[in-house]
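What follows is a set of notes on a single structure, which appears directly below.
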Amino acid sequence: FTDELSLSVSGVKLRGTFLGAVLDFTNQVVGGNGVSVTGDDFIIQDLTVRNTPGDGVRVTNATNVTFQNLTVSWDGEPNITNGGYGIYPVGCTNVLVENSEAYGASDAGIYVGQSNNVIVRNNKAHGNVAGIEIENTVGADVYENHTYDNAGGILVFDLPNLPQKNGQIAKVHHNLIENNNRDNFAPDGNIVATVPKGTGILLLAANNTEIHDNPIENSKNRLSRQKILKNSHL
């Protein structure tokens, strides 16, 4: 594709065959992202999205969003010129990300931001700066994922100056987090550029967070905890 693919209507299912399909954006010259969606009741499944100049699949301000059996990747060794996010729902309600894979993002492979009622399960995130990032989100259940070979495995943030504040009530459990020792290749100025390589889990200012039963293996920093506010517990 040479243009961004944009969907603004509701009730769309975008899927490949049972053998999968590849949407290749190597030659894209128009638009900032690969697939950009603003419609409700959106499902994307059984696809690979490759080499987008910006985010791989971005869904904004939508209700009922499902990512299944989706791969978002950039060819070659991960580097700063890759798009920021692989799978990227932001400002959404009722989000499911499952059985998917993200590789090579210069920010987060799987990112959920400013959203409500989220499940992230049974995914692989590797070769990114951050494997999985939950930011300013209320009610996220993150489990049975495998994050490896990132700079940081799983990040749970609550940041100021965003439309939705007071991210809280995240559950991060039964994930395998290993070998997250990749050099941080995020562009300067990004919040994740400050994440030290070797970070297993980083919790920043998100209240009422539960983290349990996550093996963290072969990482430089066993567990990172920065500026944890009251009412958060591990």
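Chain lettering (A, B, ...) mirrors the order of the structure tokens, residue numbering begins at 1 for each chain separately, and ligand numbering begins at 1 in order of display.
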Env of Glu135 (chain A): 6 Å cut, atoms = only C-alpha atoms, seq-sep filter 5 positions within chain, self excluded. Answer as a ChimeraX atom specification. /A:113,156-158
Please write the residues from the selection above to a file, keeping all heavy atoms, as a PDB file, in the first residue's frame.
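Output file out.pdb is given in full below:
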```
ATOM      1  N   GLY A 113      -4.143   2.831  25.650  1.00  0.00           N
ATOM      2  CA  GLY A 113      -4.085   4.109  26.333  1.00  0.00           C
ATOM      3  C   GLY A 113      -5.441   4.768  26.506  1.00  0.00           C
ATOM      4  O   GLY A 113      -6.295   4.707  25.616  1.00  0.00           O
ATOM      5  N   VAL A 156       3.017  -0.215  33.239  1.00  0.00           N
ATOM      6  CA  VAL A 156       1.700   0.310  33.623  1.00  0.00           C
ATOM      7  C   VAL A 156       1.913   1.741  34.096  1.00  0.00           C
ATOM      8  O   VAL A 156       2.560   1.968  35.125  1.00  0.00           O
ATOM      9  CB  VAL A 156       1.046  -0.544  34.728  1.00  0.00           C
ATOM     10  CG1 VAL A 156      -0.345   0.016  35.059  1.00  0.00           C
ATOM     11  CG2 VAL A 156       0.936  -2.011  34.283  1.00  0.00           C
ATOM     12  N   PHE A 157       1.374   2.699  33.361  1.00  0.00           N
ATOM     13  CA  PHE A 157       1.625   4.123  33.589  1.00  0.00           C
ATOM     14  C   PHE A 157       0.329   4.853  33.906  1.00  0.00           C
ATOM     15  O   PHE A 157      -0.749   4.498  33.408  1.00  0.00           O
ATOM     16  CB  PHE A 157       2.175   4.789  32.323  1.00  0.00           C
ATOM     17  CG  PHE A 157       3.623   4.537  32.020  1.00  0.00           C
ATOM     18  CD1 PHE A 157       4.164   5.009  30.838  1.00  0.00           C
ATOM     19  CD2 PHE A 157       4.458   3.867  32.908  1.00  0.00           C
ATOM     20  CE1 PHE A 157       5.502   4.810  30.532  1.00  0.00           C
ATOM     21  CE2 PHE A 157       5.790   3.661  32.616  1.00  0.00           C
ATOM     22  CZ  PHE A 157       6.313   4.137  31.410  1.00  0.00           C
ATOM     23  N   ASP A 158       0.448   5.924  34.669  1.00  0.00           N
ATOM     24  CA  ASP A 158      -0.581   6.974  34.716  1.00  0.00           C
ATOM     25  C   ASP A 158       0.157   8.297  34.588  1.00  0.00           C
ATOM     26  O   ASP A 158       0.930   8.675  35.474  1.00  0.00           O
ATOM     27  CB  ASP A 158      -1.390   6.919  36.018  1.00  0.00           C
ATOM     28  CG  ASP A 158      -2.575   7.877  35.966  1.00  0.00           C
ATOM     29  OD1 ASP A 158      -3.417   7.722  35.076  1.00  0.00           O
ATOM     30  OD2 ASP A 158      -2.639   8.787  36.810  1.00  0.00           O
TER      31      ASP A 158
END
```
Enumerate as a PyMOL selection string all residues of chain A assigned to strand (DSSP E or B) by DSSP on the backbone, naming them with the chain letters and numbers the document uses. chain A and resi 3-7+13-15+22-24+30-37+42-50+57-60+63-73+85-90+93-98+101-103+108-113+116-121+124-126+130-135+138-143+146-148+152-157+168-173+176-178+199-204+207+210-212+216-217+221+224-225
What is the CA of Leu70 (chain A) to CA of Gly56 (chain A) distance in Å?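 CA of Leu70 (chain A) sits 10.5 Å away from CA of Gly56 (chain A).
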Separation of CA of Asn150 (chain A) from CA of Ser219 (chain A), in Å and rounded to one decimal: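 Computing it gives 10.1 Å between the two atoms.
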Spatial neighbours of Val192 (chain A), 12 Å, only C-alpha atoms, chain gap at least 3 places, as an NGL selection string: :A and (84-85 or 105-109 or 111 or 128-133 or 135 or 150-157 or 159 or 183-189 or 195-197 or 199 or 202 or 204)
